[in-house]
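Reading through the structure tokens given below for one structure.
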Amino acid sequence: MFERRRERARAAEEFLRGTQTPRAPQPLRDFGLQRIVARATTAGEAAKERRYLRHPARLRRAVLIPVFTLLVMTVGTSGLYAASAGALPGSPLYGSKIFFERARLAFTPSPSSDAGLEMEYCQRRMRELQEMLRGGGPRDWERWLKEYRRNLSRADSLLESIPEAESRSLSLRFESTLSEQLRFMEETLAAGAPDEILPFLEEAYMECHGRMMRARARCGMEGGGGSREQEGEPGGPGGGGTGYPQRQEYPSSPGGCTEYPDSGCSWSNHPTVPEGEPDRVDASPQEAEGTMSGDTGNRLGCGPTGVEEGDQESTHGPFPGRHVGM
Amino acid sequence: MESLEELARRTAEGDLEAFGAIYRTLLDPLYGYFFWNLSSGAEAEDLTEEVFLRCLVHIGKYDPGKAPFRAWVFRIARNLLVDHLRRSARREAKKAREMEGHEETPPGEDLEEEERRRAVREALRELPPTQRQVVIMKYFTGMNNAEVASALGKSEGAVNAIQHRALRKLGDVLVRRGWGE
């Protein structure tokens, strides 16, 4: 049995040896080598790349570099945003602040959101004004005015472009905001703003006043009254846009502090100085009896009732008692 | 004639002529290896080309001190075959059933040779995988026991024993199928 199996194994071996293996097909014989060499060139490159990434340190580097770059960019952008938030015109970071403001506008979903944001930026400009008035460091008043005008103009034109139903409530808000801003600027002027910033303040005042009047017209409000009248405060700036009186007419703010409402030190907390009050140190008796007479609260005299005929015929232009060069 | 190891060294240095010589020497044995392991000639052709491609790309890694070049190439071939069979196990089984009795035969072959090949193929299918590899490498690719052992990662003694067991089993199968005694 065992011998028989050995015989069979030997026979099987003979059988295998006698069996011919077919040769490789002719196409493979003729063109295979060329094809392989061509493929090896690209495969070699790919293998090199795979080998490069198979190295743990290289793989880590390939993953970590983009992640780290992204992280640095995110942190850098956030840091710049945070650092520029309190920048004032004239500061190197002010440009970034304006850039972020404009970038944010690009992500708003609707024109009404844009308008709301522009209003918010107008408020920011007022806070900047307040900070700049507090003094210290180089201040770029021209830049400030440019940005303020731009915000006002953008907000105004956006309110024009949105549907009336939506526009009305926003215009009311805009009017109220501008009314507060006008009052703040009045206070500032009354407190005795430095000469070099007066032209800018006056420009800002005029622009703000013009936009407020347009907002009022959009709401169907009477041009001379304004929100302050509605609130029981007669007069108010912009009543006809006739300008404001000499700054000598204004008393200094109590404690020398002229605060913008948003800043936490509300202007409405300041006591209104009634006409002819003894502590009005700057007001001459003539002024007290003339421009301010019978115009409680309308210290600017820019409302229709606060302007004496003939006052505007002077060489002072829209700002009585002062040449503005306009 | 230069040894395969010397040709491999020259190829690693960028001599494509040397690789051409390797190609001409190993083309038929490699094709034969896949021919007897697979039922499709087209697949055997593709895998042969793939082996040479890998061989050329990785020839820089070949170390003559560790294994004969032929064994190194057949190790690549075996790994490729295992991957190929694993990937297409189901497809392969179905195909094998379909191909049963009508395997691809190169045109112009005589009938007896065709019958003989079919008998060997069927007999090889009845062998366990390692025995089949040893038989194919030893009798159809012209490798010696040392090269087979190196290609399969076994000792020469083990390969010898596997070969004897495989031949005894093949003898039984061939007799059963009417090819002996």
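In the structure tokens, chains take the letters A, B, ... in the order shown, each chain's residues start at 1, and ligands count up from 1 in the order shown.
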Inset, instruction - Specify as a count of residues only all residues of chain B found within 6 Å of chain A, counting only C-alpha atoms. - result: 8
Inset, instruction - Identify, on the basis of only C-alpha atoms, every residue whose closest approach to range 153-155 of chain B does not exceed 12 Å; exclude the query and any residue fewer than 2 positions from it along the same chain; express the result as a list in words. - result: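 Neighbouring residues, sequence-local ones excluded: Lys66, Ala67, Ala71, Trp72, Phe74, Arg75, Arg78, Asn79, Thr130, Gln133, Val134, Asn145, Ala146, Glu147, Val148, Ala149, Ser150, Ala151, Gly157, Ala158, Val159, Asn160, Ala161 and Ile162 of chain B.
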Atoms to include: N, CA, C and O atoms. Write the selected residues as a short mmCIF file (atom, residue, chain, number, x, y, z; two decimals), in the first residue's frame.
data_model
loop_
_atom_site.label_atom_id
_atom_site.label_comp_id
_atom_site.auth_asym_id
_atom_site.auth_seq_id
_atom_site.Cartn_x
_atom_site.Cartn_y
_atom_site.Cartn_z
N LYS B 66 19.08 38.68 2.11
CA LYS B 66 17.96 38.06 2.80
C LYS B 66 17.30 36.95 2.01
O LYS B 66 16.81 35.98 2.59
N ALA B 67 17.22 37.11 0.72
CA ALA B 67 16.52 36.10 -0.09
C ALA B 67 17.00 36.19 -1.53
O ALA B 67 17.42 37.25 -1.98
N ALA B 71 12.89 34.46 -5.37
CA ALA B 71 12.01 34.24 -4.21
C ALA B 71 11.32 35.54 -3.81
O ALA B 71 10.13 35.57 -3.46
N TRP B 72 12.10 36.64 -3.86
CA TRP B 72 11.53 37.96 -3.50
C TRP B 72 10.39 38.32 -4.45
O TRP B 72 9.32 38.76 -4.02
N PHE B 74 8.57 36.23 -6.23
CA PHE B 74 7.42 35.34 -6.05
C PHE B 74 6.69 35.61 -4.73
O PHE B 74 5.52 35.27 -4.60
N ARG B 75 7.40 36.20 -3.80
CA ARG B 75 6.70 36.59 -2.56
C ARG B 75 5.73 37.72 -2.89
O ARG B 75 4.59 37.73 -2.42
N ARG B 78 2.84 36.12 -4.63
CA ARG B 78 1.94 35.40 -3.73
C ARG B 78 1.06 36.37 -2.95
O ARG B 78 -0.14 36.15 -2.78
N ASN B 79 1.69 37.46 -2.46
CA ASN B 79 0.90 38.45 -1.73
C ASN B 79 -0.20 39.06 -2.61
O ASN B 79 -1.33 39.24 -2.17
N THR B 130 -1.37 25.56 0.81
CA THR B 130 0.10 25.57 0.89
C THR B 130 0.69 24.51 -0.04
O THR B 130 1.68 24.77 -0.74
N GLN B 133 0.57 25.73 -3.52
CA GLN B 133 1.62 26.72 -3.82
C GLN B 133 2.97 26.05 -4.04
O GLN B 133 3.70 26.41 -4.96
N VAL B 134 3.25 25.10 -3.20
CA VAL B 134 4.55 24.43 -3.31
C VAL B 134 4.66 23.71 -4.66
O VAL B 134 5.66 23.83 -5.37
N ASN B 145 14.04 24.23 -4.19
CA ASN B 145 13.43 24.18 -2.86
C ASN B 145 13.78 25.38 -1.99
O ASN B 145 12.93 25.87 -1.25
N ALA B 146 15.02 25.85 -2.12
CA ALA B 146 15.45 27.01 -1.29
C ALA B 146 14.64 28.24 -1.66
O ALA B 146 14.20 29.00 -0.80
N GLU B 147 14.44 28.43 -2.96
CA GLU B 147 13.67 29.60 -3.41
C GLU B 147 12.21 29.49 -2.99
O GLU B 147 11.61 30.49 -2.56
N VAL B 148 11.66 28.29 -3.12
CA VAL B 148 10.25 28.09 -2.71
C VAL B 148 10.12 28.37 -1.22
O VAL B 148 9.20 29.06 -0.77
N ALA B 149 11.08 27.83 -0.46
CA ALA B 149 11.03 28.02 1.00
C ALA B 149 11.10 29.49 1.34
O ALA B 149 10.34 29.99 2.18
N SER B 150 11.98 30.21 0.65
CA SER B 150 12.13 31.63 0.93
C SER B 150 10.87 32.41 0.53
O SER B 150 10.43 33.32 1.24
N ALA B 151 10.30 32.03 -0.62
CA ALA B 151 9.10 32.74 -1.08
C ALA B 151 7.92 32.51 -0.16
O ALA B 151 7.09 33.40 0.04
N GLY B 157 13.24 22.09 4.67
CA GLY B 157 12.74 20.77 5.12
C GLY B 157 11.22 20.73 5.08
O GLY B 157 10.61 19.75 4.62
N ALA B 158 10.63 21.79 5.55
CA ALA B 158 9.16 21.87 5.57
C ALA B 158 8.63 21.82 4.15
O ALA B 158 7.64 21.12 3.86
N VAL B 159 9.29 22.53 3.26
CA VAL B 159 8.84 22.56 1.86
C VAL B 159 8.95 21.16 1.26
O VAL B 159 8.05 20.70 0.54
N ASN B 160 10.04 20.47 1.60
CA ASN B 160 10.24 19.10 1.12
C ASN B 160 9.10 18.20 1.57
O ASN B 160 8.54 17.42 0.77
N ALA B 161 8.78 18.30 2.84
CA ALA B 161 7.71 17.46 3.39
C ALA B 161 6.37 17.79 2.74
O ALA B 161 5.59 16.90 2.37
N ILE B 162 6.11 19.07 2.59
CA ILE B 162 4.83 19.50 1.97
C ILE B 162 4.76 18.98 0.54
O ILE B 162 3.71 18.48 0.08
#
Inset, instruction - Run DSSP on the backbone of this structure and report the residues of range 20-140 of chain B it assigns to alpha helix (DSSP H), as a PyMOL selection string. - result: chain B and resi 20-37+41-57+69-87+89-99+111-125+129-140
Inset, instruction - Compare A:Leu105, A:Ala46, A:Leu70, A:Met132 by their minimum atom-to-atom distance to Ser91 in chain A, counting only C-alpha atoms, and give me the closest one. - result: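 Among A:Leu105, A:Ala46, A:Leu70, A:Met132, it is A:Met132 that comes nearest to Ser91 in chain A.
In this model, the gap between CA of Ile22 in chain B and CA of Arg117 in chain B comes to 27.2 Å.
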